[in-house]
Structures are given as structure tokens and as C-alpha cells.
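Participant: So here's upload-v5.txt, just compact mmCIF, C-alpha atoms:
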# COMPACT_ATOMS: atom_id res chain seq x y z
CA MET N 27 166.02 142.86 89.33
CA ALA N 28 167.26 146.34 90.27
CA GLY N 29 170.29 144.80 91.96
CA ALA N 30 171.11 142.84 88.81
CA VAL N 31 170.96 146.03 86.72
CA ALA N 32 173.28 147.88 89.15
CA LEU N 33 175.70 144.97 89.10
CA ALA N 34 175.74 144.91 85.28
CA ILE N 35 176.42 148.64 85.05
CA SER N 36 179.22 148.43 87.62
CA ALA N 37 180.82 145.55 85.73
CA MET N 38 180.70 147.43 82.44
CA VAL N 39 182.27 150.52 84.02
CA LEU N 40 185.07 148.45 85.57
CA VAL N 41 185.80 146.65 82.31
CA LEU N 42 185.46 149.48 79.78
CA GLY N 43 186.15 152.65 81.77
CA GLN N 44 189.79 152.60 82.86
CA GLY N 45 189.65 155.99 84.58
CA LEU N 46 186.12 155.69 85.93
CA ARG N 47 186.51 153.02 88.58
CA ASP N 48 185.07 155.28 91.27
CA ALA N 49 181.96 155.71 89.12
CA ALA N 50 181.24 151.98 89.51
CA LEU N 51 179.81 152.76 92.93
CA ALA N 52 177.29 155.23 91.53
CA PRO N 53 174.63 152.61 90.55
CA TRP N 54 174.70 151.21 94.10
CA VAL N 55 174.32 154.65 95.61
CA VAL N 56 171.35 155.33 93.34
CA LEU N 57 169.85 151.95 94.22
CA GLY N 58 170.28 152.61 97.93
CA LEU N 59 168.56 155.99 97.64
CA ALA N 60 165.73 154.38 95.65
CA VAL N 61 165.26 151.73 98.33
CA LEU N 62 165.12 154.35 101.08
CA ILE N 63 162.59 156.43 99.14
CA ASP N 64 160.57 153.28 98.33
CA LEU N 65 160.51 152.29 101.99
CA PHE N 66 159.40 155.77 103.00
CA LEU N 67 156.62 155.97 100.41
CA SER N 68 155.45 152.39 101.03
CA ARG N 69 155.14 152.62 104.78
CA ALA N 70 151.69 151.59 105.95
CA PRO N 71 149.97 150.95 109.26
CA ARG N 72 149.79 147.43 110.59
CA LYS N 73 147.23 145.28 108.82
CA GLU N 74 144.19 144.15 110.76
CA VAL N 75 142.13 141.16 109.65
CA ASN N 76 138.67 139.99 110.59
CA VAL N 77 137.29 136.74 109.19
CA VAL N 78 133.63 135.76 109.32
CA VAL N 79 133.12 132.00 108.97
CA PRO N 80 130.06 129.78 109.43
CA PRO N 81 130.18 127.96 112.78
CA GLU N 82 129.14 124.74 111.08
CA MET N 83 129.48 123.36 107.55
CA PHE N 84 127.97 120.32 105.88
CA VAL N 85 130.59 117.98 104.45
CA GLY N 86 130.74 118.20 100.66
CA GLU N 87 129.32 121.72 100.52
CA THR N 88 130.97 125.08 99.79
CA GLU N 89 130.54 128.20 101.90
CA ASN N 90 131.94 131.72 101.49
CA PHE N 91 134.37 132.94 104.17
CA LEU N 92 134.37 136.75 104.48
CA PHE N 93 137.84 138.30 104.90
CA GLU N 94 137.94 141.95 106.02
CA ILE N 95 141.45 143.48 105.84
CA SER N 96 142.18 147.07 106.75
CA PRO N 97 143.71 149.15 105.40
CA PRO N 98 143.42 147.58 101.91
CA THR N 99 146.35 147.68 99.50
CA ASN N 100 146.31 147.44 95.71
CA GLY N 101 147.71 144.18 94.38
CA MET N 102 147.67 142.45 97.77
CA THR N 103 147.29 138.68 97.80
CA GLY N 104 147.14 136.18 100.61
CA LYS N 105 147.64 132.54 101.41
CA VAL N 106 145.90 130.52 104.12
CA ASP N 107 147.23 127.34 105.71
CA TRP N 108 144.08 125.30 105.11
CA PRO N 109 143.60 122.29 107.41
CA GLU N 110 142.93 118.81 106.01
CA GLY N 111 139.17 119.11 106.35
CA LEU N 112 138.82 122.36 104.37
CA SER N 113 139.74 123.04 100.76
CA GLY N 114 140.26 126.65 99.71
CA PRO N 115 142.13 128.52 96.96
CA ASP N 116 145.93 128.46 96.99
CA SER N 117 146.07 132.23 96.53
CA ILE N 118 143.52 134.88 97.51
CA SER N 119 143.40 138.21 95.69
CA PHE N 120 142.32 140.99 98.06
CA GLY N 121 142.95 143.99 95.81
CA SER N 122 141.70 147.34 97.03
CA ASP N 123 138.43 146.04 98.50
CA VAL N 124 138.05 145.91 102.24
CA GLU N 125 135.86 142.76 102.08
CA THR N 126 136.65 139.65 100.05
CA GLN N 127 134.57 136.49 99.82
CA VAL N 128 136.58 133.26 99.60
CA PRO N 129 134.81 129.98 98.62
CA VAL N 130 135.83 127.10 100.90
CA ARG N 131 134.70 123.48 100.54
CA ALA N 132 134.32 121.08 103.46
CA VAL N 133 135.97 117.76 102.57
CA ARG N 134 136.35 116.00 105.94
CA ARG N 135 134.17 115.75 109.03
CA GLY N 136 135.59 117.08 112.29
CA SER N 137 136.62 120.31 114.00
CA TRP N 138 139.23 122.28 112.07
CA SER N 139 141.34 125.31 113.03
CA ILE N 140 142.72 128.06 110.78
CA ASN N 141 145.65 129.79 112.47
CA LYS N 142 147.61 131.86 109.94
CA LEU N 143 147.10 134.22 107.01
CA HIS N 144 150.16 135.15 104.95
CA LEU N 145 149.85 138.47 103.09
CA ILE N 146 152.00 139.55 100.14
CA TRP N 147 152.16 142.92 98.37
CA SER N 148 154.79 144.95 96.51
CA SER N 149 156.26 148.31 97.53
CA ARG N 150 155.60 151.54 95.61
CA PHE N 151 158.58 151.08 93.27
CA LYS N 152 158.25 147.27 93.38
CA LEU N 153 161.78 146.97 94.75
CA PHE N 154 160.75 144.60 97.50
CA GLU N 155 157.74 142.65 98.82
CA ARG N 156 156.16 142.79 102.23
CA VAL N 157 155.18 139.38 103.60
CA PRO N 158 153.57 139.74 107.04
CA THR N 159 151.89 136.80 108.76
CA LEU N 160 148.68 137.54 110.64
CA ALA N 161 147.49 135.24 113.39
CA LEU N 162 143.97 133.85 113.09
CA SER N 163 141.90 131.98 115.62
CA LEU N 164 139.13 130.32 113.64
CA ASP N 165 137.35 127.08 114.42
CA VAL N 166 135.08 125.48 111.84
CA LYS N 167 133.06 122.35 112.54
CA VAL N 168 132.30 120.10 109.57
CA VAL N 169 129.32 117.84 110.23
CA PRO N 170 127.42 115.17 108.26
CA ASN N 171 125.31 116.56 105.46
CA ILE N 172 121.57 116.70 106.26
CA ARG N 173 120.64 119.27 103.61
CA LEU N 174 117.96 116.98 102.13
CA VAL N 175 116.40 116.58 105.58
CA GLN N 176 116.38 120.32 106.25
CA SER N 177 114.99 121.16 102.82
CA GLY N 178 111.90 119.01 103.35
CA GLN N 179 112.52 117.06 100.15
CA ILE N 180 112.63 113.71 101.91
CA THR N 181 109.55 114.59 103.95
CA SER N 182 107.60 115.33 100.78
CA ILE N 183 108.70 112.10 99.11
CA VAL N 184 107.93 109.85 102.07
CA LEU N 185 104.62 111.40 103.08
CA SER N 186 103.31 111.53 99.51
CA SER N 187 104.33 107.90 99.05
CA MET N 188 102.65 106.73 102.26
CA TYR N 189 99.57 108.93 102.40
CA GLY N 190 99.13 110.09 98.82
CA MET N 191 98.72 107.70 95.92
CA LYS N 192 99.38 104.65 98.10
CA GLU N 193 96.81 105.34 100.79
CA ASN N 194 94.71 102.36 99.68
CA ARG N 195 97.74 100.16 100.03
CA ALA N 196 98.50 101.38 103.52
CA VAL N 197 95.00 100.68 104.75
CA GLY N 198 93.30 97.38 104.01
CA GLU N 199 96.19 95.24 102.78
CA GLY N 200 98.45 95.08 105.80
CA THR N 201 98.77 92.76 108.74
CA GLU N 202 98.13 95.15 111.62
CA PHE N 203 94.56 95.46 112.97
CA HIS N 204 93.09 98.90 112.35
CA GLN N 205 89.35 98.82 113.08
CA LEU N 206 86.04 96.98 112.69
CA ARG N 207 83.36 98.30 110.39
CA ASP N 208 80.02 97.10 109.03
CA PHE N 209 80.35 94.89 106.00
CA VAL N 210 78.82 96.40 102.86
CA THR N 211 78.42 95.11 99.35
CA GLY N 212 81.64 95.34 97.41
CA MET N 213 83.96 94.49 100.29
CA ASP N 214 86.17 91.42 100.18
CA VAL N 215 84.36 88.49 101.80
CA LYS N 216 87.68 87.39 103.28
CA SER N 217 87.65 90.48 105.50
CA ILE N 218 84.54 89.31 107.44
CA ASP N 219 85.21 88.59 111.11
CA TRP N 220 82.75 85.69 111.61
CA LYS N 221 83.06 85.46 115.40
CA ARG N 222 82.29 89.14 115.95
CA SER N 223 79.58 89.01 113.30
CA ALA N 224 77.89 86.18 115.21
CA ARG N 225 78.16 88.15 118.44
CA HIS N 226 76.69 91.32 116.92
CA ARG N 227 74.23 89.40 114.71
CA ASN N 228 75.39 91.52 111.82
CA LEU N 229 78.20 91.12 109.30
CA VAL N 230 81.32 92.93 110.53
CA SER N 231 84.55 93.21 108.57
CA ARG N 232 88.07 93.53 109.97
CA GLU N 233 90.07 96.41 108.48
CA LEU N 234 93.82 96.04 108.47
CA ARG N 235 96.64 98.43 107.67
CA ALA N 236 100.33 98.24 106.93
CA GLU N 237 102.31 97.44 110.04
CA ARG N 238 104.48 100.16 111.54
CA ASN N 239 107.14 100.32 114.25
CA HIS N 240 109.53 98.06 112.33
CA HIS N 241 113.16 98.02 113.39
CA VAL N 242 115.50 99.63 110.85
CA ILE N 243 119.25 99.31 111.52
CA VAL N 244 121.73 101.43 109.55
CA ALA N 245 125.11 99.62 109.53
CA LEU N 246 128.21 101.49 108.34
CA ASP N 247 131.44 99.74 107.39
CA ASN N 248 134.15 102.20 108.47
CA GLY N 249 137.15 100.22 107.22
CA TYR N 250 139.96 101.49 105.02
CA LEU N 251 138.11 100.76 101.76
CA MET N 252 135.52 103.36 102.74
CA ARG N 253 138.25 106.03 102.85
CA GLU N 254 138.66 105.93 99.09
CA GLU N 255 137.63 109.22 97.50
CA ILE N 256 134.97 109.36 94.81
CA ALA N 257 133.33 112.56 93.58
CA GLY N 258 135.60 114.61 95.84
CA LEU N 259 134.67 112.94 99.15
CA PRO N 260 135.52 109.69 100.97
CA LYS N 261 132.96 106.94 100.46
CA ILE N 262 132.20 106.95 104.17
CA ASP N 263 130.93 110.54 103.95
CA HIS N 264 128.66 109.71 101.02
CA ALA N 265 127.44 106.74 103.07
CA VAL N 266 126.80 108.88 106.16
CA THR N 267 124.76 111.37 104.10
CA ALA N 268 122.60 108.60 102.62
CA ALA N 269 122.29 106.86 106.02
CA LEU N 270 121.00 109.98 107.77
CA ALA N 271 118.54 110.69 104.97
CA THR N 272 117.20 107.13 105.19
CA ALA N 273 117.01 107.33 108.98
CA TRP N 274 114.85 110.42 108.62
CA ALA N 275 112.67 108.68 106.01
CA ALA N 276 112.21 105.74 108.40
CA ALA N 277 111.30 108.17 111.17
CA LEU N 278 108.57 109.65 109.00
CA GLY N 279 107.45 106.13 108.13
CA GLY N 280 106.76 105.40 111.79
CA ASP N 281 109.61 102.92 112.20
CA MET N 282 112.22 102.59 114.94
CA VAL N 283 115.75 103.41 113.80
CA GLY N 284 119.08 102.12 115.13
CA PHE N 285 122.69 102.67 114.14
CA TYR N 286 125.74 100.38 113.94
CA ALA N 287 129.34 101.16 112.90
CA TYR N 288 132.27 98.76 112.67
CA ASP N 289 135.76 98.19 111.24
CA THR N 290 138.09 95.60 112.78
CA ARG N 291 135.56 95.32 115.59
CA PRO N 292 132.10 96.69 116.41
CA ASN N 293 132.45 100.31 117.51
CA VAL N 294 129.04 101.92 117.91
CA PHE N 295 125.58 100.48 118.43
CA VAL N 296 122.49 102.60 119.04
CA GLU N 297 119.36 100.69 120.01
CA PRO N 298 116.37 101.16 117.69
CA LYS N 299 114.21 104.02 118.90
CA PRO N 300 111.30 105.98 117.43
CA GLY N 301 112.86 107.69 114.44
CA ARG N 302 112.40 111.34 115.34
CA ALA N 303 113.87 110.75 118.80
CA ALA N 304 116.72 108.63 117.42
CA PHE N 305 117.79 111.00 114.63
CA PRO N 306 119.79 113.51 116.77
CA SER N 307 121.66 110.67 118.46
CA ILE N 308 122.47 108.99 115.14
CA ARG N 309 123.63 112.28 113.66
CA LEU N 310 125.95 112.85 116.63
CA ARG N 311 127.41 109.35 116.40
CA THR N 312 128.07 109.63 112.65
CA SER N 313 129.83 112.97 113.14
CA GLU N 314 132.20 111.27 115.61
CA LEU N 315 133.31 108.51 113.21
CA ASP N 316 137.04 108.64 112.51
CA TYR N 317 138.74 108.06 109.18
CA VAL N 318 140.54 104.80 109.95
CA SER N 319 143.04 102.73 107.97
CA LEU N 320 142.03 99.32 109.29
CA GLU N 321 140.70 96.29 107.48
CA THR N 322 137.08 95.38 108.15
CA ASN N 323 136.28 92.19 110.06
CA HIS N 324 132.93 91.25 108.53
CA THR N 325 132.63 88.00 110.50
CA LEU N 326 132.87 89.66 113.89
CA ALA N 327 130.74 92.63 112.80
CA MET N 328 127.85 90.63 111.33
CA THR N 329 127.87 88.10 114.18
CA GLU N 330 127.66 90.90 116.74
CA LEU N 331 124.89 92.66 114.80
CA ASN N 332 122.87 89.45 114.51
CA ALA N 333 123.17 88.89 118.26
CA ARG N 334 122.04 92.46 119.04
CA THR N 335 118.92 92.32 116.84
CA PRO N 336 116.74 89.41 117.96
CA LYS N 337 113.64 90.88 116.29
CA ARG N 338 113.33 90.66 112.51
CA SER N 339 114.56 93.99 111.19
CA LEU N 340 115.48 95.82 108.04
CA ILE N 341 119.28 96.08 108.05
CA ILE N 342 120.90 98.55 105.65
CA ILE N 343 124.61 97.76 105.17
CA PHE N 344 126.99 100.28 103.60
CA SER N 345 130.19 98.53 102.60
CA ASP N 346 132.72 97.96 99.83
CA PHE N 347 135.01 95.24 98.47
CA VAL N 348 137.85 94.86 95.98
CA ASP N 349 137.30 91.49 94.31
CA THR N 350 135.52 88.17 94.72
CA THR N 351 138.24 86.79 97.00
CA THR N 352 138.16 89.62 99.54
CA ALA N 353 134.35 89.65 99.41
CA GLU N 354 133.96 85.94 100.27
CA LEU N 355 133.68 86.37 104.05
CA MET N 356 131.41 89.37 103.64
CA VAL N 357 128.98 87.39 101.43
CA GLU N 358 128.97 84.40 103.80
CA ASN N 359 128.14 86.53 106.83
CA ILE N 360 125.49 88.58 105.05
CA SER N 361 123.88 85.31 103.94
CA VAL N 362 123.55 84.29 107.60
CA LEU N 363 122.08 87.69 108.42
CA SER N 364 119.60 87.56 105.51
CA LYS N 365 118.03 84.33 106.81
CA ARG N 366 116.65 86.23 109.75
CA HIS N 367 116.36 89.82 108.55
CA ALA N 368 115.55 91.83 105.45
CA VAL N 369 118.84 93.24 104.15
CA ILE N 370 119.71 96.12 101.83
CA PHE N 371 123.31 96.18 100.63
CA VAL N 372 124.51 99.62 99.51
CA ILE N 373 127.65 100.08 97.43
CA MET N 374 128.79 103.16 95.54
CA ARG N 375 130.06 103.19 91.98
CA ASP N 376 133.24 104.99 91.05
CA PRO N 377 132.45 107.23 88.04
CA ASN N 378 136.14 107.41 87.10
CA LEU N 379 136.37 103.62 86.90
CA GLU N 380 133.33 103.41 84.65
CA ASN N 381 134.55 106.25 82.44
CA MET N 382 137.84 104.40 82.03
CA THR N 383 136.05 101.43 80.46
CA GLU N 384 134.04 103.62 78.10
CA SER N 385 136.99 105.51 76.53
CA ALA N 386 139.24 104.11 73.79
CA PRO N 387 142.86 103.55 74.90
CA ASP N 388 145.68 105.50 73.22
CA ASP N 389 148.66 103.39 74.31
CA MET N 390 149.53 100.10 75.97
CA ASP N 391 149.42 101.59 79.47
CA GLN N 392 145.82 102.64 78.93
CA VAL N 393 145.04 99.19 77.51
CA ALA N 394 146.31 97.61 80.73
CA GLU N 395 144.24 100.07 82.80
CA LEU N 396 141.17 99.28 80.69
CA VAL N 397 141.58 95.53 81.20
CA ALA N 398 142.07 95.94 84.96
CA ALA N 399 139.04 98.23 85.27
CA GLY N 400 136.88 95.85 83.25
CA GLN N 401 137.93 92.90 85.41
CA THR N 402 137.16 94.86 88.57
CA LEU N 403 133.67 95.75 87.35
CA ASN N 404 132.98 92.13 86.29
CA GLU N 405 134.01 90.75 89.68
CA ARG N 406 131.88 93.40 91.32
CA GLN N 407 128.82 92.20 89.40
CA VAL N 408 129.57 88.58 90.34
CA VAL N 409 129.53 89.45 94.05
CA LEU N 410 126.39 91.57 93.77
CA GLY N 411 124.71 88.75 91.84
CA ARG N 412 125.48 86.31 94.65
CA LEU N 413 124.02 88.70 97.22
CA ALA N 414 120.89 89.22 95.11
CA SER N 415 120.41 85.43 94.87
CA LEU N 416 120.32 85.35 98.68
CA GLY N 417 117.35 87.72 98.70
CA VAL N 418 119.41 90.80 99.52
CA THR N 419 118.19 94.06 97.97
CA ILE N 420 121.06 95.72 96.11
CA VAL N 421 121.51 99.49 95.82
CA ASP N 422 124.39 100.00 93.39
CA ALA N 423 124.51 103.70 92.56
CA LYS N 424 126.74 106.68 91.96
CA PRO N 425 127.24 109.01 94.94
CA GLY N 426 124.82 111.62 93.64
CA THR N 427 121.93 109.15 93.29
CA VAL N 428 122.52 106.68 96.14
CA THR N 429 120.23 108.53 98.59
CA ALA N 430 117.25 108.61 96.24
CA GLN N 431 117.65 104.94 95.27
CA LEU N 432 118.04 103.84 98.87
CA ILE N 433 114.93 105.66 100.08
CA SER N 434 113.01 104.21 97.12
CA ALA N 435 114.17 100.70 98.09
CA TYR N 436 113.13 101.30 101.72
CA LEU N 437 109.65 102.48 100.72
CA ASP N 438 109.23 99.52 98.37
CA ILE N 439 110.19 97.03 101.07
CA LYS N 440 107.84 98.76 103.52
CA ALA N 441 104.97 98.71 101.03
CA ARG N 442 105.49 95.00 100.28
CA GLU N 443 105.67 94.26 104.02
CA VAL N 444 108.85 92.26 103.65
CA ILE N 445 110.07 93.19 107.14
As C-alpha cells, how would this structure be written, given the file I've shared?

Facilitator:
Amino acid sequence: MAGAVALAISAMVLVLGQGLRDAALAPWVVLGLAVLIDLFLSRAPRKEVNVVVPPEMFVGETENFLFEISPPTNGMTGKVDWPEGLSGPDSISFGSDVETQVPVRAVRRGSWSINKLHLIWSSRFKLFERVPTLALSLDVKVVPNIRLVQSGQITSIVLSSMYGMKENRAVGEGTEFHQLRDFVTGMDVKSIDWKRSARHRNLVSRELRAERNHHVIVALDNGYLMREEIAGLPKIDHAVTAALATAWAAALGGDMVGFYAYDTRPNVFVEPKPGRAAFPSIRLRTSELDYVSLETNHTLAMTELNARTPKRSLIIIFSDFVDTTTAELMVENISVLSKRHAVIFVIMRDPNLENMTESAPDDMDQVAELVAAGQTLNERQVVLGRLASLGVTIVDAKPGTVTAQLISAYLDIKAREVI
């Protein structure tokens, strides 16, 4: 700006002042002196930066990174080269404070590095800007979200369901032998163990309880359809969060939990183990899942899973599909699986797609989008209806409610002893 003003003055002098051509250099001399004075007054020691970051972040959550820059400078801003897995502000205002908190959201699992911080501030007379680049060496690990497990919320739900109001259901109506006790008036006559009663010469009843140690397999489809973002995260990350929460619920329920992940081929299989012992292993395996761009081979995946689980199990499948045509092989293979096992099929709704069908269109482009969205939702219901007719339990929920609905479905199946 100052250079433009000096140029304008010089041009006017050259055009209008015939005898003042030497004076045309005066604005440039003044500008040069101003720049030298500005540089002298704006000199500052080298900036030092210290950044405090959490060593580990849950995917989908926001944490504050603490930036400490010394010495501070009024009007100073900064820009960070955020990696793919972290989402932070485009510009950071540091101002005159030594410490600045910057909210950063974890959007992808993995280990991410932050290497550079670009600072920008104006000189005293605002004739130029200083743009130094400071080197950073920060490593942030983004891991699957187990906040519900850590908070104890799932523990409260599962234990109150199993040992609170449903205690009478857990004991006395199951299939697993619990104990023998003397028969008293009011007990069900069907509970009398006649052979032992004859041996003891006294009526003895057999007390049963709900069977435990079921096999629960969490199966994650890691194909390209699960990379689609809804509610700010890929579907696979919403699925991983719900899968870990359900694995913990199954651990509390006394069941054995296994894990299975697949895309074009089976990738990971963890044998069912007692839940509490299996949970760390499952968490580690889910954190290692890549974001792939490959089409899912449901035939190979379901055939392999069926071969690896000879015992009747509860299999929880997280998957997705586009239309009835692409879902045909998936339905056929799940139908084979459901003949031998209890199956829960989990699919996540896209809130944007549903909102599109609920708003009135303003032009023909929006009419076309409305028709396409409506057709997609109708075909989705057709496929889910076919799965439900096969005896598959359907969990069709938005990302924020899928965990609660899935745990509720698990507890219901456990209480009804479907496994």
C-alpha cells in the first residue's frame, strides 16, 4: 500500500511538475527511511513454541491443544498443517497471551504427526509482515472411542438389566443347571426332579438359570461403503465404537467375545474368549483397521465366518449396501449364516438423506434429488424386510443411537435365550 502511494505521488510530480523531476524521488526516499525505522522498531527475538497435546485421542472427540509461544506479539496469528486424521481451525489467533488453547477434533484413527507452525504478524508501522515457520515434532494417536466403557454407563445398564429387575428371569427360567433345593408349596411342579426325590425320599426341585458363556462374534465389513462419512465420521468408525461397547456389554454378561473383519477377503479373526480378557485384544485389532477402497466380498466373508464358528453363536454384522441389486449376495449369505446362528444386522442411517426427503424442493434439481433419496430409502427397507423375514434382528439407527439400540438388542436376545 505504501509503495502504491509513493508511486502515485511520483507519477503526479513527473506529469504536473515540469521543473520538479528530481522531487519525484523524494517519496521513495521517505518510504525507504520508514522501512528502515519500521524494521528497527519491529525487531524481536526468535519465537519459541511449546505445544502440549494429549498422547491419545478418541476418534470423534475434541481435545484442546495448548500452544505456548514466547515472546507473544499483538495481532499474531498462526496456521498449522493439520494431518488427515485431525481437524483444527484454519487460522489461530494468539494475540498477546503466552498460552492459547486450540480445539482439535479427531476424525480418523491412526498415528498422526504435526510438523510445522506458520506464524504471521505485522510490523510496527504495518509496512510488512513477518512469516516465520517453526518446526514441530508432535505425534498424536487417534484410537477407537471407548468413552462409554470408561464412563461406566454400559456397566450400569448391563448389570442393572441382568441382576436388577430381571433377576427372576435370570434364575429359574433358563436352561443351565444351578442348584437343587427342597420343593415347597408354590413352586412349579414341573421343576421337581423325580429321580433325586425318590433317592432322597423327599421332593426336590431343580433350579435352573439363564445360560452363560455364549459365543458372541462382532463382524465388521471394512469395504469402501463403510468409508462414507455420516455425522462427521466414516461409518466404520461409528461401527467400531458400537462394536467395542457391545463387546464390553457381552463381557459383563459372562459371554465369550470374538472379532472378525473383512473386505475383499477375511482379514482378522479373533477366537471367542472370556469378554474381559478379549476386550484389549479386540480394541487393538480395531485400531489397526485401515480405511480401504475395496468392494466387499460377502460370499467369501460369510463362508469363512461360518466355517470358523462351529458352535451356535450370536453374530453381530456391521455392513452397508446401496440398493437391492448390490445387496442380493449379502442377503443370500446371511440367510445361510442365520440357519445356524443368531444374527444381528447393524446398519446406520444417514441423517442428511432422511432430511432430504422431509424438505420441500425449490427447483427441478432438488426434485430429482428427492426422488433418488426416496428410492434409496425404499430399497433399503425392502432389503431389511427380507433379512427380518429370515429371523435376523435388525438394528437400523442413526450414529448417535446405534450403540444403545444394539446393546438393547443383545440383552433382549440373551434374556430370551435365543442363542

Participant: Around all the atoms of range 281-284 of chain N listed in the file, draw an axis-aligned box and extend it by 8 Å on each of the six sides; I want its centre and edge lengths in Å to one decimal, as JSON.

Facilitator:
{"center_x": 114.3, "center_y": 102.8, "center_z": 113.7, "size_x": 25.5, "size_y": 17.3, "size_z": 18.9}

Participant: Between N:Val79, N:Leu326, N:Ile218, N:Ile140, which residue has the minimum interatomic distance to Ala161 in chain N, considering only C-alpha atoms?

Facilitator: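 Looking at the shortest contact to Ala161 in chain N, the residue is N:Ile140.
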
Participant: So the first atom is CA of Ser148 in chain N and the second is CA of Asn100 in chain N; what is the distance between them in Å, to one decimal place?

Facilitator: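 So the two atoms, CA of Ser148 in chain N and CA of Asn100 in chain N, lie 8.9 Å apart.
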
Participant: In terms of the shortest atom-to-atom distance over only C-alpha atoms, which of N:Val106, N:Met328, N:Val85, N:Leu310 is closest to Leu164 in chain N?

Facilitator: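 Of all the options, N:Val106 lies closest to Leu164 in chain N.
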
Participant: Restricting the calculation to all atoms listed in the file, which member of N:Ala132, N:Ile95, N:Ile445, N:Ile256 is positioned closest to Phe120 in chain N?

Facilitator: N:Ile95

Participant: Go ahead and compute the interatomic distance for CA of Ile360 in chain N and CA of Ala275 in chain N, in Å to one decimal.

Facilitator: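 Computed distance, CA of Ile360 in chain N to CA of Ala275 in chain N, equals 23.9 Å.
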
Participant: Could you check how far CA of Arg173 in chain N sits from CA of Lys424 in chain N, in Å to one decimal?

Facilitator: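 Separation between CA of Arg173 in chain N and CA of Lys424 in chain N: 18.2 Å.
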
Participant: Which residue out of N:Met282, N:Ala399, N:Met252, N:Ile146 has the minimum interatomic distance to Asp346 in chain N when only C-alpha atoms are used?

Facilitator: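 The shortest atom-to-atom distance to Asp346 in chain N comes from N:Met252.
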
Participant: Using all atoms listed in the file, determine which residues lie at most 8 Å from range 88-90 of chain N, disregarding the query and same-chain residues fewer than 3 positions distant; provide the list as an NGL selection string.

Facilitator: :N and (79-80 or 83 or 127-132)

Participant: Which polymer residues have any atom within 8 Å of an atom of Trp274 in chain N, counting all atoms listed in the file, with same-chain residues fewer than 3 positions away left out, as a ChimeraX atom specification?

Facilitator: /N:175,180,270-271,277-278,301-302,305

Participant: Could those selected residues go to a file with C-alpha atoms, as a JSON list (two decimals), in the coordinates of the input?

Facilitator:
[["chain", "number", "residue", "atom", "x", "y", "z"],
["N", 175, "VAL", "CA", 116.40, 116.58, 105.58],
["N", 180, "ILE", "CA", 112.63, 113.71, 101.91],
["N", 270, "LEU", "CA", 121.00, 109.98, 107.77],
["N", 271, "ALA", "CA", 118.54, 110.69, 104.97],
["N", 277, "ALA", "CA", 111.30, 108.17, 111.17],
["N", 278, "LEU", "CA", 108.57, 109.65, 109.00],
["N", 301, "GLY", "CA", 112.86, 107.69, 114.44],
["N", 302, "ARG", "CA", 112.40, 111.34, 115.34],
["N", 305, "PHE", "CA", 117.79, 111.00, 114.63]]

Participant: With a distance cut-off of 12 Å and only C-alpha atoms, select the neighbouring residues of Trp138 in chain N, excluding the residue or stretch itself and same-chain residues fewer than 3 positions from it, and output the selection as a ChimeraX atom specification.

Facilitator: /N:79,81-83,107-113,132-135,141,163-169

Participant: Give the answer as one residue: which of N:Pro377, N:Pro292, N:Pro425, N:Gly279 has the shortest atom-to-atom distance to Gly249 in chain N, using all atoms listed in the file?

Facilitator: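 Closest residue, counting all atoms listed in the file: N:Pro292.
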
Participant: Here is a test: counting all atoms listed in the file, which residue of N:Ile262, N:Ala245, N:Met374, N:Val294 is nearest to Gly426 in chain N?

Facilitator: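 Under the stated criterion, the closest residue is N:Met374.
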
Participant: May I have a table of the residues of range 313-375 of chain N lying at most 9 Å from range 436-443 of chain N, giving each one's closest pair of atoms and their distance in Å to one decimal, counting only C-alpha atoms, ordered by chain and ascending residue number, as JSON lines?

Facilitator:
{"residue": "N:Leu340", "atom": "CA", "partner": "N:Tyr436", "partner_atom": "CA", "distance": 8.7}
{"residue": "N:Ala368", "atom": "CA", "partner": "N:Ile439", "partner_atom": "CA", "distance": 8.7}
{"residue": "N:Ile370", "atom": "CA", "partner": "N:Tyr436", "partner_atom": "CA", "distance": 8.4}

Participant: Could you write out the selected residues, including C-alpha atoms, as an mmCIF file, in the frame of the given file?

Facilitator:
data_model
loop_
_atom_site.group_PDB
_atom_site.id
_atom_site.type_symbol
_atom_site.label_atom_id
_atom_site.label_comp_id
_atom_site.auth_asym_id
_atom_site.auth_seq_id
_atom_site.Cartn_x
_atom_site.Cartn_y
_atom_site.Cartn_z
ATOM 1 C CA LEU N 340 115.480 95.820 108.040
ATOM 2 C CA ALA N 368 115.550 91.830 105.450
ATOM 3 C CA ILE N 370 119.710 96.120 101.830
#

Participant: With all atoms listed in the file counted, which protein, DNA or RNA residues have an atom no more than 10 Å from (118.4, 103.2, 120.9) in the file frame? Please answer as an MDAnalysis selection string.

Facilitator: chainID N and resid 282:285 295:301 303:304 307:308

Participant: Within 7 Å of Asn323 in chain N, counting all atoms listed in the file, which residues qualify if same-chain residues fewer than 3 places away don't, as JSON, numbers by chain?

Facilitator: {"N": [289, 290, 291, 326, 327]}

Participant: Around the point (142.6, 143.4, 107.1), in the coordinates given by the file, pick out the residues reaching within 10 Å, counting only C-alpha atoms, and return them as an mmCIF file with C-alpha atoms, keeping the file's coordinate frame.

Facilitator:
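Output saved as part29.cif:
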data_model
loop_
_atom_site.group_PDB
_atom_site.id
_atom_site.type_symbol
_atom_site.label_atom_id
_atom_site.label_comp_id
_atom_site.auth_asym_id
_atom_site.auth_seq_id
_atom_site.Cartn_x
_atom_site.Cartn_y
_atom_site.Cartn_z
ATOM 1 C CA ARG N 72 149.790 147.430 110.590
ATOM 2 C CA LYS N 73 147.230 145.280 108.820
ATOM 3 C CA GLU N 74 144.190 144.150 110.760
ATOM 4 C CA VAL N 75 142.130 141.160 109.650
ATOM 5 C CA ASN N 76 138.670 139.990 110.590
ATOM 6 C CA VAL N 77 137.290 136.740 109.190
ATOM 7 C CA PHE N 93 137.840 138.300 104.900
ATOM 8 C CA GLU N 94 137.940 141.950 106.020
ATOM 9 C CA ILE N 95 141.450 143.480 105.840
ATOM 10 C CA SER N 96 142.180 147.070 106.750
ATOM 11 C CA PRO N 97 143.710 149.150 105.400
ATOM 12 C CA PRO N 98 143.420 147.580 101.910
ATOM 13 C CA THR N 99 146.350 147.680 99.500
ATOM 14 C CA PHE N 120 142.320 140.990 98.060
ATOM 15 C CA ASP N 123 138.430 146.040 98.500
ATOM 16 C CA VAL N 124 138.050 145.910 102.240
ATOM 17 C CA GLU N 125 135.860 142.760 102.080
ATOM 18 C CA THR N 126 136.650 139.650 100.050
ATOM 19 C CA LEU N 145 149.850 138.470 103.090
ATOM 20 C CA LEU N 160 148.680 137.540 110.640
#

Participant: Please identify all polymer residues within 8 Å of Asn248 in chain N, counting only C-alpha atoms, omitting same-chain residues fewer than 6 positions from it, and present them as a list in words.

Facilitator: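 In the requested format, the answer is Ile262, Ala287, Tyr288, Asp289, Leu315, Tyr317, Val318, Thr322 and Ser345 of chain N.
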